[in-house]
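Content type mmCIF, C-alpha atoms, from the file upload24.cif:
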data_data
#
loop_
_atom_site.label_atom_id
_atom_site.label_comp_id
_atom_site.auth_asym_id
_atom_site.auth_seq_id
_atom_site.Cartn_x
_atom_site.Cartn_y
_atom_site.Cartn_z
CA MET A 12 1.32 11.63 -31.33
CA ASN A 13 1.51 8.17 -29.90
CA THR A 14 3.26 6.48 -32.77
CA GLU A 15 5.39 4.32 -30.49
CA TYR A 16 2.30 2.59 -29.15
CA THR A 17 0.52 1.76 -32.39
CA ALA A 18 2.69 -1.31 -32.87
CA ARG A 19 0.75 -3.20 -30.22
CA ALA A 20 -2.84 -3.98 -31.16
CA LEU A 21 -5.44 -2.00 -29.27
CA PRO A 22 -7.75 -4.08 -27.08
CA THR A 23 -11.29 -4.53 -28.37
CA THR A 24 -13.15 -5.05 -25.10
CA ILE A 25 -13.03 -3.29 -21.75
CA PRO A 26 -11.79 -6.38 -19.83
CA GLU A 27 -9.02 -6.73 -22.42
CA TYR A 28 -8.08 -3.10 -21.96
CA LEU A 29 -7.97 -3.56 -18.19
CA ASP A 30 -5.90 -6.73 -18.58
CA GLN A 31 -3.39 -4.87 -20.75
CA LEU A 32 -3.28 -2.05 -18.23
CA ARG A 33 -2.70 -4.51 -15.40
CA ALA A 34 0.07 -6.19 -17.38
CA ALA A 35 1.66 -2.83 -18.17
CA LEU A 36 1.58 -1.92 -14.49
CA SER A 37 2.90 -5.24 -13.23
CA GLY A 38 5.46 -4.84 -10.50
CA ALA A 39 4.05 -1.52 -9.34
CA ASP A 40 2.41 -0.94 -5.98
CA MET A 41 -0.72 -3.08 -5.64
CA ALA A 42 -2.81 -0.23 -4.27
CA MET A 43 -1.85 1.94 -7.24
CA ILE A 44 -2.76 -0.81 -9.72
CA GLN A 45 -6.15 -1.13 -8.08
CA ASP A 46 -6.68 2.63 -8.32
CA ALA A 47 -5.60 2.76 -11.96
CA LEU A 48 -7.89 -0.10 -12.99
CA TYR A 49 -10.79 1.47 -11.15
CA ASP A 50 -10.28 4.87 -12.82
CA ALA A 51 -9.91 3.33 -16.27
CA GLU A 52 -13.04 1.24 -15.91
CA GLU A 53 -15.06 4.24 -14.79
CA TYR A 54 -13.88 6.26 -17.76
CA LEU A 55 -14.39 3.49 -20.30
CA ARG A 56 -17.86 2.53 -19.09
CA SER A 57 -18.94 6.17 -18.98
CA GLU A 58 -17.65 6.72 -22.50
CA LEU A 59 -19.47 3.59 -23.67
CA ALA A 60 -22.70 4.77 -22.06
CA GLU A 61 -22.30 8.20 -23.72
CA GLN A 62 -22.06 6.69 -27.20
CA PRO A 63 -24.78 4.06 -27.41
CA GLY A 64 -24.45 3.45 -31.15
CA LYS A 65 -20.81 2.46 -31.10
CA SER A 66 -19.27 -0.91 -30.40
CA GLU A 67 -16.88 -1.48 -27.53
CA ALA A 68 -13.92 -1.72 -29.91
CA GLU A 69 -14.74 1.62 -31.56
CA VAL A 70 -15.13 3.32 -28.22
CA ILE A 71 -11.79 1.98 -27.02
CA ALA A 72 -10.12 3.10 -30.22
CA GLY A 73 -11.45 6.60 -29.59
CA VAL A 74 -10.47 6.47 -25.93
CA ALA A 75 -6.87 5.58 -26.79
CA GLY A 76 -6.53 9.14 -28.06
CA SER A 77 -8.23 10.94 -25.18
CA TYR A 78 -7.68 8.74 -22.12
CA GLY A 79 -4.61 6.95 -23.40
CA ALA A 80 -3.60 3.48 -24.51
CA PRO A 81 -2.95 1.03 -21.64
CA GLU A 82 0.82 1.49 -21.86
CA GLU A 83 0.52 5.28 -21.79
CA VAL A 84 -1.85 5.16 -18.83
CA ALA A 85 0.54 2.85 -16.98
CA GLU A 86 3.36 5.28 -17.68
CA ILE A 87 1.32 8.20 -16.33
CA TYR A 88 0.42 6.33 -13.15
CA ARG A 89 3.98 5.22 -12.55
CA GLU A 90 5.21 8.80 -12.89
CA THR A 91 2.51 10.09 -10.60
CA GLU A 92 3.44 7.50 -7.99
CA VAL A 93 7.03 8.74 -8.03
CA THR A 94 6.05 12.39 -7.73
CA VAL A 95 3.49 11.65 -5.02
CA ASN A 96 6.12 9.79 -3.04
CA ARG A 97 8.42 12.76 -3.47
CA ALA A 98 5.65 15.09 -2.35
CA LEU A 99 4.90 12.99 0.71
CA ARG A 100 8.50 13.26 1.80
CA THR A 101 8.50 17.05 1.78
CA PRO A 102 7.72 18.57 5.17
CA ARG A 103 4.15 19.66 5.61
CA PRO A 104 3.86 23.42 5.10
CA ALA A 105 1.60 25.66 7.15
CA ALA A 106 -2.10 24.87 6.96
CA ARG A 107 -2.72 27.70 4.48
CA PRO A 108 0.37 28.16 2.35
CA ALA A 109 1.05 31.77 1.45
CA PRO A 110 0.74 32.66 -2.26
CA ALA A 111 4.47 33.23 -2.46
CA VAL A 112 5.07 29.72 -1.17
CA MET A 113 2.58 28.26 -3.61
CA ALA A 114 4.18 30.15 -6.48
CA ALA A 115 7.59 28.92 -5.42
CA VAL A 116 6.27 25.39 -5.15
CA GLY A 117 4.68 25.70 -8.56
CA ALA A 118 7.92 26.96 -10.05
CA ALA A 119 9.86 24.17 -8.38
CA ALA A 120 7.36 21.66 -9.64
CA ALA A 121 7.64 23.03 -13.16
CA THR A 122 11.42 22.90 -13.17
CA ALA A 123 11.62 19.49 -11.53
CA GLY A 124 8.89 18.14 -13.75
CA SER A 125 7.03 16.86 -10.75
CA GLY A 126 3.32 16.78 -10.09
CA PRO A 127 1.31 19.00 -7.79
CA VAL A 128 3.05 19.17 -4.46
CA LEU A 129 0.22 18.72 -2.04
CA PRO A 130 0.57 18.02 1.66
CA PRO A 131 -0.94 14.72 2.82
CA ARG A 132 -4.09 14.94 4.89
CA GLU A 133 -3.54 14.26 8.55
CA PRO A 134 -5.11 11.02 9.76
CA VAL A 135 -8.48 11.50 11.37
CA PRO A 136 -8.24 10.57 15.06
CA ARG A 137 -10.40 7.54 15.71
CA SER A 138 -12.55 7.03 18.75
CA LEU A 139 -11.44 4.62 21.46
CA LEU A 140 -14.23 2.18 20.62
CA ALA A 141 -13.42 2.20 16.91
CA SER A 142 -9.75 1.58 17.53
CA PHE A 143 -10.54 -1.26 19.94
CA PHE A 144 -12.78 -3.12 17.50
CA GLY A 145 -10.89 -1.88 14.45
CA VAL A 146 -8.19 -4.42 15.23
CA ALA A 147 -10.39 -6.98 13.50
CA MET A 148 -9.99 -5.05 10.21
CA ASP A 149 -6.21 -5.11 10.31
CA PRO A 150 -4.90 -7.98 8.17
CA HIS A 151 -1.70 -8.09 10.22
CA THR A 152 -3.74 -9.13 13.25
CA TYR A 153 -4.65 -12.40 11.64
CA GLY A 154 -1.18 -12.81 10.22
CA ALA A 155 0.24 -12.40 13.72
CA LEU A 156 -2.32 -14.81 15.17
CA PHE A 157 -1.42 -17.39 12.55
CA TYR A 158 2.26 -16.77 13.16
CA MET A 159 1.74 -17.42 16.88
CA LEU A 160 0.11 -20.77 16.07
CA LEU A 161 2.73 -21.64 13.46
CA SER A 162 5.67 -20.68 15.65
CA LEU A 163 5.37 -23.88 17.68
CA ALA A 164 6.21 -25.89 14.57
CA THR A 165 8.85 -23.54 13.15
CA GLY A 166 10.34 -22.94 16.60
CA THR A 167 10.72 -26.65 17.27
CA PHE A 168 12.33 -27.14 13.89
CA PHE A 169 14.77 -24.21 14.20
CA PHE A 170 15.75 -25.20 17.73
CA THR A 171 16.36 -28.80 16.75
CA TRP A 172 18.31 -27.79 13.68
CA VAL A 173 20.62 -25.45 15.57
CA VAL A 174 21.21 -27.72 18.57
CA ALA A 175 21.71 -30.84 16.48
CA GLY A 176 23.83 -29.09 13.85
CA LEU A 177 26.01 -27.28 16.35
CA SER A 178 26.64 -30.27 18.62
CA LEU A 179 27.21 -32.61 15.71
CA SER A 180 29.70 -30.41 13.90
CA VAL A 181 31.54 -29.25 17.02
CA SER A 182 31.94 -32.78 18.36
CA LEU A 183 33.10 -34.01 14.96
CA LEU A 184 35.73 -31.25 14.78
CA ILE A 185 38.01 -33.75 16.50
CA LEU A 186 37.99 -35.59 13.21
CA ILE A 187 38.60 -33.69 10.02
CA ILE A 188 35.05 -34.41 8.81
CA GLY A 189 33.65 -31.93 11.34
CA ILE A 190 34.92 -28.93 9.35
CA PRO A 191 32.81 -29.38 6.20
CA ILE A 192 29.80 -30.27 8.33
CA LEU A 193 30.24 -27.08 10.37
CA LEU A 194 30.50 -25.02 7.20
CA LEU A 195 27.41 -26.61 5.71
CA PHE A 196 25.58 -26.02 8.95
CA LEU A 197 26.54 -22.33 9.08
CA GLY A 198 25.42 -21.92 5.48
CA SER A 199 22.10 -23.58 6.26
CA VAL A 200 21.55 -21.18 9.16
CA ARG A 201 21.83 -18.25 6.75
CA VAL A 202 19.30 -19.77 4.39
CA LEU A 203 16.90 -20.49 7.25
CA SER A 204 17.32 -16.92 8.45
CA LEU A 205 16.15 -15.72 5.03
CA VAL A 206 13.19 -18.13 5.11
CA GLU A 207 12.15 -16.96 8.56
CA GLY A 208 12.46 -13.37 7.33
CA ARG A 209 10.03 -14.11 4.49
CA LEU A 210 7.58 -15.67 6.94
CA ILE A 211 7.81 -12.65 9.20
CA GLU A 212 7.36 -10.13 6.41
CA THR A 213 4.34 -11.97 5.02
CA MET A 214 2.58 -12.49 8.32
CA LEU A 215 3.73 -9.68 10.58
CA GLY A 216 4.26 -6.99 7.95
CA VAL A 217 7.77 -6.13 9.10
CA ARG A 218 10.07 -5.37 6.22
CA MET A 219 12.72 -8.12 6.13
CA PRO A 220 15.51 -8.77 3.62
CA ARG A 221 14.48 -10.37 0.35
CA ARG A 222 17.96 -11.34 -0.76
CA PRO A 223 20.78 -13.10 1.04
CA THR A 224 23.44 -10.90 2.53
CA TYR A 225 26.14 -9.64 0.26
CA THR A 226 29.31 -11.69 0.17
CA ASP A 227 32.45 -10.24 -1.24
CA ARG A 228 33.44 -12.71 -3.95
CA SER A 229 36.81 -11.10 -4.51
CA GLN A 230 38.06 -12.60 -1.26
CA GLY A 231 39.46 -16.10 -1.09
CA TRP A 232 37.21 -18.79 0.27
CA MET A 233 39.31 -19.13 3.42
CA GLN A 234 38.66 -15.46 4.17
CA ARG A 235 34.98 -15.89 3.45
CA ILE A 236 34.80 -18.81 5.88
CA GLY A 237 36.62 -16.73 8.47
CA ALA A 238 34.17 -13.90 7.93
CA MET A 239 31.30 -16.28 8.59
CA PHE A 240 32.71 -16.99 12.06
CA SER A 241 33.52 -13.40 12.93
CA ASP A 242 30.13 -12.18 11.67
CA GLY A 243 27.98 -11.44 14.69
CA ARG A 244 24.87 -12.12 12.65
CA THR A 245 25.68 -15.83 12.43
CA TRP A 246 25.65 -16.17 16.18
CA LEU A 247 22.69 -13.86 16.69
CA THR A 248 20.72 -15.89 14.17
CA MET A 249 21.48 -19.05 16.10
CA LEU A 250 20.46 -17.33 19.32
CA TYR A 251 17.18 -16.35 17.64
CA PHE A 252 16.56 -19.92 16.50
CA VAL A 253 17.24 -21.29 19.98
CA LEU A 254 14.91 -18.68 21.47
CA MET A 255 12.21 -19.69 19.00
CA LEU A 256 11.42 -22.93 20.88
CA PRO A 257 10.36 -21.37 24.21
CA LEU A 258 8.80 -18.42 22.40
CA GLY A 259 6.93 -20.71 20.03
CA ILE A 260 5.57 -22.77 22.89
CA LEU A 261 4.53 -19.62 24.71
CA TYR A 262 2.88 -18.06 21.63
CA PHE A 263 1.05 -21.25 20.74
CA THR A 264 -0.18 -21.83 24.28
CA VAL A 265 -1.35 -18.28 24.79
CA ALA A 266 -3.07 -18.11 21.39
CA THR A 267 -4.90 -21.43 21.70
CA THR A 268 -5.91 -20.84 25.31
CA LEU A 269 -7.26 -17.35 24.75
CA LEU A 270 -8.96 -18.23 21.47
CA SER A 271 -10.67 -21.34 22.83
CA THR A 272 -11.72 -19.60 26.05
CA SER A 273 -13.21 -16.58 24.30
CA LEU A 274 -14.92 -18.63 21.60
CA ALA A 275 -16.32 -21.00 24.24
CA LEU A 276 -17.73 -18.05 26.19
CA VAL A 277 -19.30 -16.56 23.05
CA PHE A 278 -20.89 -19.78 21.85
CA ALA A 279 -21.82 -21.39 25.18
CA PRO A 280 -25.43 -20.08 25.05
CA VAL A 281 -25.80 -21.37 21.49
CA ALA A 282 -24.54 -24.75 22.60
CA ALA A 283 -27.00 -24.70 25.47
CA LEU A 284 -29.85 -24.02 23.06
CA VAL A 285 -29.06 -26.62 20.43
CA THR A 286 -27.75 -29.43 22.62
CA ASN A 287 -29.00 -31.01 25.79
CA GLN A 288 -25.63 -30.84 27.48
CA PRO A 289 -25.51 -28.85 30.72
CA ILE A 290 -23.68 -25.59 30.17
CA GLY A 291 -21.84 -23.71 32.87
CA ILE A 292 -18.58 -23.06 34.59
CA TRP A 293 -17.44 -25.96 36.69
CA ILE A 294 -15.13 -25.39 39.59
CA ASP A 295 -14.27 -28.55 41.52
CA GLY A 296 -17.25 -30.37 40.08
CA VAL A 297 -19.74 -27.67 41.10
CA ASN A 298 -21.47 -25.69 38.37
CA VAL A 299 -21.24 -22.05 39.44
CA GLY A 300 -22.32 -20.54 36.14
CA ASN A 301 -25.61 -22.05 35.03
CA ALA A 302 -27.82 -19.07 35.88
CA PHE A 303 -29.80 -17.78 32.90
CA TRP A 304 -28.72 -14.17 33.36
CA LEU A 305 -25.10 -15.22 32.98
CA TRP A 306 -25.58 -16.02 29.29
CA PRO A 307 -25.46 -12.46 27.87
CA LEU A 308 -22.66 -11.73 30.30
CA SER A 309 -20.78 -14.76 28.98
CA VAL A 310 -21.20 -13.55 25.39
CA GLY A 311 -20.10 -10.03 26.32
CA VAL A 312 -17.02 -11.21 28.19
CA GLY A 313 -16.24 -13.62 25.35
CA VAL A 314 -16.38 -10.88 22.72
CA LEU A 315 -14.20 -8.58 24.81
CA LEU A 316 -11.73 -11.40 25.40
CA LEU A 317 -11.71 -12.26 21.70
CA PHE A 318 -10.88 -8.71 20.67
CA GLY A 319 -8.38 -8.49 23.51
CA THR A 320 -6.75 -11.60 22.08
CA LEU A 321 -6.59 -9.96 18.66
CA HIS A 322 -4.90 -6.93 20.21
CA LEU A 323 -2.49 -9.18 22.04
CA ALA A 324 -1.70 -11.05 18.82
CA ARG A 325 -1.00 -7.81 16.97
CA GLY A 326 1.17 -6.58 19.82
CA VAL A 327 3.10 -9.83 19.97
CA GLY A 328 3.52 -9.65 16.20
CA LYS A 329 5.03 -6.17 16.45
CA LEU A 330 7.33 -7.14 19.31
CA HIS A 331 8.45 -10.32 17.65
CA GLY A 332 9.01 -8.52 14.35
CA ALA A 333 11.19 -5.95 16.09
CA MET A 334 13.14 -8.68 17.84
CA ALA A 335 13.65 -10.63 14.62
CA LYS A 336 14.80 -7.48 12.88
CA HIS A 337 17.41 -6.89 15.55
CA LEU A 338 18.69 -10.44 15.73
CA LEU A 339 18.48 -11.42 12.04
CA VAL A 340 19.25 -8.19 10.17
CA ARG A 341 21.12 -6.16 12.72
CA LEU A 342 24.18 -5.12 10.73
CA MET B 297 12.65 16.71 -35.83
CA THR B 298 11.94 13.92 -33.37
CA GLU B 299 14.40 15.58 -31.00
CA LEU B 300 12.36 18.78 -31.15
CA ASP B 301 9.16 16.81 -30.67
CA ALA B 302 10.56 15.17 -27.58
CA HIS B 303 11.55 18.55 -26.19
CA LEU B 304 8.07 19.88 -26.88
CA ARG B 305 6.40 16.90 -25.21
CA LYS B 306 8.60 17.23 -22.15
CA PHE B 307 7.84 20.94 -21.95
CA GLN B 308 4.11 20.31 -22.31
CA LYS B 309 4.23 17.70 -19.60
CA GLU B 310 6.02 20.01 -17.22
CA LEU B 311 3.61 22.83 -17.97
CA SER B 312 0.60 20.59 -17.41
CA THR B 313 1.81 19.15 -14.10
CA GLY B 314 1.68 22.61 -12.62
CA THR B 315 -1.56 23.73 -14.18
CA VAL B 316 -3.77 20.65 -14.16
CA SER B 317 -4.62 20.93 -10.48
CA LEU B 318 -5.47 24.60 -10.94
CA ALA B 319 -7.74 23.72 -13.86
CA LEU B 320 -9.41 20.90 -11.94
CA LEU B 321 -10.11 23.13 -8.97
CA ALA B 322 -11.49 25.80 -11.28
CA VAL B 323 -13.80 23.36 -13.08
CA LEU B 324 -15.13 22.06 -9.78
CA ALA B 325 -15.51 25.57 -8.37
CA LYS B 326 -17.67 26.56 -11.36
CA ALA B 327 -19.71 23.36 -11.41
CA PRO B 328 -23.15 23.75 -9.83
CA GLU B 329 -23.17 20.11 -8.67
CA PRO B 330 -20.59 17.41 -7.84
CA LEU B 331 -18.88 15.89 -10.88
CA TYR B 332 -17.25 12.52 -11.41
CA GLY B 333 -13.95 11.91 -13.17
CA TYR B 334 -15.31 11.32 -16.64
CA LEU B 335 -17.45 14.47 -16.64
CA ILE B 336 -14.50 16.56 -15.38
CA ALA B 337 -12.30 15.12 -18.12
CA LYS B 338 -14.91 15.87 -20.78
CA GLU B 339 -15.36 19.41 -19.47
CA LEU B 340 -11.63 20.04 -19.69
CA GLU B 341 -11.56 18.50 -23.15
CA ARG B 342 -14.36 20.83 -24.26
CA VAL B 343 -12.79 24.07 -23.06
CA GLY B 344 -9.17 23.05 -22.92
CA ASP B 345 -6.60 23.32 -25.60
CA GLY B 346 -2.84 23.08 -25.48
CA VAL B 347 -1.44 21.44 -22.37
CA LEU B 348 -4.84 20.73 -20.84
CA SER B 349 -5.73 18.44 -23.74
CA GLY B 350 -3.18 15.86 -22.57
CA LYS B 351 -4.08 12.32 -21.70
CA GLN B 352 -7.13 12.35 -19.46
CA SER B 353 -5.94 9.42 -17.38
CA ALA B 354 -3.53 11.87 -15.77
CA LEU B 355 -6.48 13.70 -14.19
CA TYR B 356 -7.57 10.87 -11.90
CA PRO B 357 -4.42 10.70 -9.75
CA VAL B 358 -4.45 14.49 -9.45
CA LEU B 359 -8.08 14.40 -8.29
CA ARG B 360 -7.12 11.85 -5.67
CA ASN B 361 -4.20 13.99 -4.55
CA LEU B 362 -6.38 17.07 -4.27
CA GLU B 363 -8.83 15.10 -2.18
CA GLY B 364 -5.98 13.75 -0.06
CA ALA B 365 -4.83 17.32 0.52
CA GLY B 366 -8.29 18.20 1.82
CA LEU B 367 -9.19 20.59 -1.00
CA LEU B 368 -11.94 18.39 -2.45
CA GLU B 369 -14.59 16.21 -0.96
CA SER B 370 -16.01 13.14 -2.56
CA HIS B 371 -18.73 10.56 -2.26
CA VAL B 372 -19.53 7.41 -4.17
CA GLU B 373 -22.76 6.77 -6.02
CA PRO B 374 -23.73 3.61 -7.86
CA SER B 375 -24.06 3.92 -11.61
CA VAL B 376 -25.89 1.87 -14.19
CA ALA B 377 -23.06 2.23 -16.69
CA GLY B 378 -20.30 0.55 -14.72
CA PRO B 379 -18.51 0.68 -11.39
CA PRO B 380 -19.75 3.12 -8.75
CA ARG B 381 -18.71 6.68 -9.55
CA ARG B 382 -16.80 8.93 -7.22
CA TYR B 383 -18.28 12.42 -7.28
CA TYR B 384 -16.00 15.31 -6.36
CA ARG B 385 -17.00 18.65 -4.87
CA ILE B 386 -14.78 21.58 -3.92
CA ASN B 387 -14.82 22.58 -0.24
CA ASP B 388 -14.02 25.86 1.51
CA ASP B 389 -10.32 25.05 1.84
CA GLY B 390 -10.31 24.28 -1.87
CA ARG B 391 -11.91 27.62 -2.73
CA ALA B 392 -9.41 29.45 -0.53
CA ALA B 393 -6.55 27.58 -2.16
CA LEU B 394 -8.00 28.31 -5.60
CA ARG B 395 -8.05 32.06 -4.87
CA GLN B 396 -4.40 31.93 -3.90
CA TRP B 397 -3.49 29.77 -6.86
CA ILE B 398 -5.25 32.16 -9.24
CA ALA B 399 -3.22 35.04 -7.80
CA ALA B 400 -0.04 33.00 -8.19
CA TRP B 401 -1.02 32.02 -11.71
CA ASN B 402 -1.74 35.64 -12.70
CA ALA B 403 1.59 36.75 -11.33
CA THR B 404 3.42 33.98 -13.19
CA ARG B 405 1.53 34.63 -16.43
CA ASP B 406 2.24 38.38 -16.29
CA SER B 407 5.92 37.92 -15.67
CA VAL B 408 6.25 35.26 -18.38
CA GLU B 409 4.38 37.44 -20.83
CA SER B 410 6.58 40.44 -20.09
CA VAL B 411 9.65 38.26 -20.62
CA LEU B 412 8.29 36.91 -23.89
CA GLU B 413 7.35 40.36 -25.17
CA GLY B 414 9.06 41.33 -28.37
CA ILE B 415 9.87 37.79 -29.53
CA ASN B 416 8.26 36.80 -32.79
#
Represent the structure of the file as structure tokens.
Amino acid sequence: MNTEYTARALPTTIPEYLDQLRAALSGADMAMIQDALYDAEEYLRSELAEQPGKSEAEVIAGVAGSYGAPEEVAEIYRETEVTVNRALRTPRPAARPAPAVMAAVGAAAATAGSGPVLPPREPVPRSLLASFFGVAMDPHTYGALFYMLLSLATGTFFFTWVVAGLSLSVSLLILIIGIPILLLFLGSVRVLSLVEGRLIETMLGVRMPRRPTYTDRSQGWMQRIGAMFSDGRTWLTMLYFVLMLPLGILYFTVATTLLSTSLALVFAPVAALVTNQPIGIWIDGVNVGNAFWLWPLSVGVGVLLLFGTLHLARGVGKLHGAMAKHLLVRL
Amino acid sequence: MTELDAHLRKFQKELSTGTVSLALLAVLAKAPEPLYGYLIAKELERVGDGVLSGKQSALYPVLRNLEGAGLLESHVEPSVAGPPRRYYRINDDGRAALRQWIAAWNATRDSVESVLEGIN
């Protein structure tokens, strides 16, 4: 039945089988790969436990017929992913589909060769408390926080690059040498825009372009240069880079201030216990916060402030991602 | 010959995509206790013939879909044999859906059989 797969040697151990499966699935959605590996391991280990006399290699050879060889399994998962995506796009039917609808869906599925068309489960509404502290479980929170800290460096660089490049090339336009410098500068702005897009997608989770913008190579190079000037994106990108300096300073200042304040509040009692330094809140040289009962309050306020900071970071990340998307990939 | 084989495989695949979820729901509805993927696959292998005897790796995504649609419930238990196992159990929505699916299946089977009648 599976003659086309016998050419490749079957794996002899379960880790080898999983490695082959991972290789066969490479490029697919990471979550799906994780699911597929998990399912395969469960099946293989169960089969191994069911047949104590047999070696791992024998069990895997038997499994290739029932569960499937790694390449076949990868194929099945890839197909399922496609059909599930298709199913998720269909509008959600009524909570209890009528038999006629189900029959029609079944018939459609059979003709289209798609999998079971099942409506996605609605997300369970989370409590206010869970959603407040759940921000700590969101990887984009930390990405956004790191982006806020990093943006001081990138913002300074982008700002300097644009201001220096623009003033240098424009002032040199008086001489003929300004023209190639201007063109080089405009090209560099496009490359930097792509780099910033990669940073944003990695840290903020906003989908940004992975390839440079399409240039029509059938046009002459004079036309292509002209297009670079008339393209609004060139100027919007420069605007974005200039904006990055004040924004970067703001992000960095806000992130460091809030982080250090909240962490100081959380750990002040610990510092008071392990060191002999006087702990408190000094205003004008007077310690107004050295009362013992203030310690738990300090920790509580610190924790709230810390999670508030995380929320702020995630919000800033979303806002900044939206802004970058508009300025860098508008057209 | 290979052309015919390919047609047959495609047909079997299309048949199974529609029927596998019905079979999975039925197996879980009959089971007295929650089952995990491997046991469900073995159960289908034992009773199943024809399209249901396809590659068992195809069952796992369908189980996940059925759970995602709210027709099954699941919990995880540690196992000595390997990774923790996810046990599936049918819920009330699943049983209601199964009743409707059985009706739809019977209707389809009857009409297909009446169409096929007289062909040898």
What does the distance between atom CA of B:Leu368 and atom CA of B:Ala325 come to in Å, to one decimal place? 10.0 Å
Tell me the residues of chain B close to chain A, meaning within 10 Å using all atoms listed in the file, as a count of residues only. 59
Could you jot down the atom CA of A:Leu270 to atom CA of A:Met159 separation for me, Å, one decimal place? 11.7 Å
Expressed in Å to a single decimal, how great is the separation between atom CA of A:Ile236 and atom CA of A:Leu203?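 Between these atoms lies a distance of 18.0 Å.
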I need the output of the PyMOL selection byres ((chain A and resi 205) around 12) for this file as a list in words; which residues are they?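 For this structure, the PyMOL selection byres ((chain A and resi 205) around 12) captures Gly198, Ser199, Val200, Arg201, Val202, Leu203, Ser204, Val206, Glu207, Gly208, Arg209, Leu210, Ile211, Glu212, Met219, Pro220, Arg221, Arg222, Pro223, Thr224, Thr248, Ala335, Lys336, Leu339 and Val340 of chain A.
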Can you sort out stretch 311-324 of chain B so it carries N, CA and C atoms, written as a PDB file, in the frame of the given file?
ATOM      1  N   LEU B 311       4.604  21.773 -18.112  1.00  0.00           N
ATOM      2  CA  LEU B 311       3.610  22.830 -17.970  1.00  0.00           C
ATOM      3  C   LEU B 311       2.327  22.272 -17.360  1.00  0.00           C
ATOM      4  N   SER B 312       1.905  21.101 -17.841  1.00  0.00           N
ATOM      5  CA  SER B 312       0.600  20.590 -17.410  1.00  0.00           C
ATOM      6  C   SER B 312       0.635  20.134 -15.963  1.00  0.00           C
ATOM      7  N   THR B 313       1.790  19.608 -15.501  1.00  0.00           N
ATOM      8  CA  THR B 313       1.810  19.150 -14.100  1.00  0.00           C
ATOM      9  C   THR B 313       1.503  20.301 -13.155  1.00  0.00           C
ATOM     10  N   GLY B 314       1.953  21.496 -13.507  1.00  0.00           N
ATOM     11  CA  GLY B 314       1.680  22.610 -12.620  1.00  0.00           C
ATOM     12  C   GLY B 314       0.267  23.138 -12.742  1.00  0.00           C
ATOM     13  N   THR B 315      -0.302  23.032 -13.943  1.00  0.00           N
ATOM     14  CA  THR B 315      -1.560  23.730 -14.180  1.00  0.00           C
ATOM     15  C   THR B 315      -2.790  22.851 -14.067  1.00  0.00           C
ATOM     16  N   VAL B 316      -2.594  21.521 -14.150  1.00  0.00           N
ATOM     17  CA  VAL B 316      -3.770  20.650 -14.160  1.00  0.00           C
ATOM     18  C   VAL B 316      -4.555  20.777 -12.859  1.00  0.00           C
ATOM     19  N   SER B 317      -3.850  20.841 -11.726  1.00  0.00           N
ATOM     20  CA  SER B 317      -4.620  20.930 -10.480  1.00  0.00           C
ATOM     21  C   SER B 317      -5.373  22.242 -10.391  1.00  0.00           C
ATOM     22  N   LEU B 318      -4.765  23.315 -10.904  1.00  0.00           N
ATOM     23  CA  LEU B 318      -5.470  24.600 -10.940  1.00  0.00           C
ATOM     24  C   LEU B 318      -6.733  24.483 -11.790  1.00  0.00           C
ATOM     25  N   ALA B 319      -6.594  23.853 -12.971  1.00  0.00           N
ATOM     26  CA  ALA B 319      -7.740  23.720 -13.860  1.00  0.00           C
ATOM     27  C   ALA B 319      -8.830  22.858 -13.236  1.00  0.00           C
ATOM     28  N   LEU B 320      -8.418  21.779 -12.557  1.00  0.00           N
ATOM     29  CA  LEU B 320      -9.410  20.900 -11.940  1.00  0.00           C
ATOM     30  C   LEU B 320     -10.175  21.628 -10.842  1.00  0.00           C
ATOM     31  N   LEU B 321      -9.440  22.371 -10.028  1.00  0.00           N
ATOM     32  CA  LEU B 321     -10.110  23.130  -8.970  1.00  0.00           C
ATOM     33  C   LEU B 321     -11.069  24.141  -9.574  1.00  0.00           C
ATOM     34  N   ALA B 322     -10.647  24.780 -10.658  1.00  0.00           N
ATOM     35  CA  ALA B 322     -11.490  25.800 -11.280  1.00  0.00           C
ATOM     36  C   ALA B 322     -12.760  25.173 -11.848  1.00  0.00           C
ATOM     37  N   VAL B 323     -12.618  24.025 -12.514  1.00  0.00           N
ATOM     38  CA  VAL B 323     -13.800  23.360 -13.080  1.00  0.00           C
ATOM     39  C   VAL B 323     -14.772  23.005 -11.973  1.00  0.00           C
ATOM     40  N   LEU B 324     -14.240  22.475 -10.868  1.00  0.00           N
ATOM     41  CA  LEU B 324     -15.130  22.060  -9.780  1.00  0.00           C
ATOM     42  C   LEU B 324     -15.715  23.264  -9.053  1.00  0.00           C
TER      43      LEU B 324
END
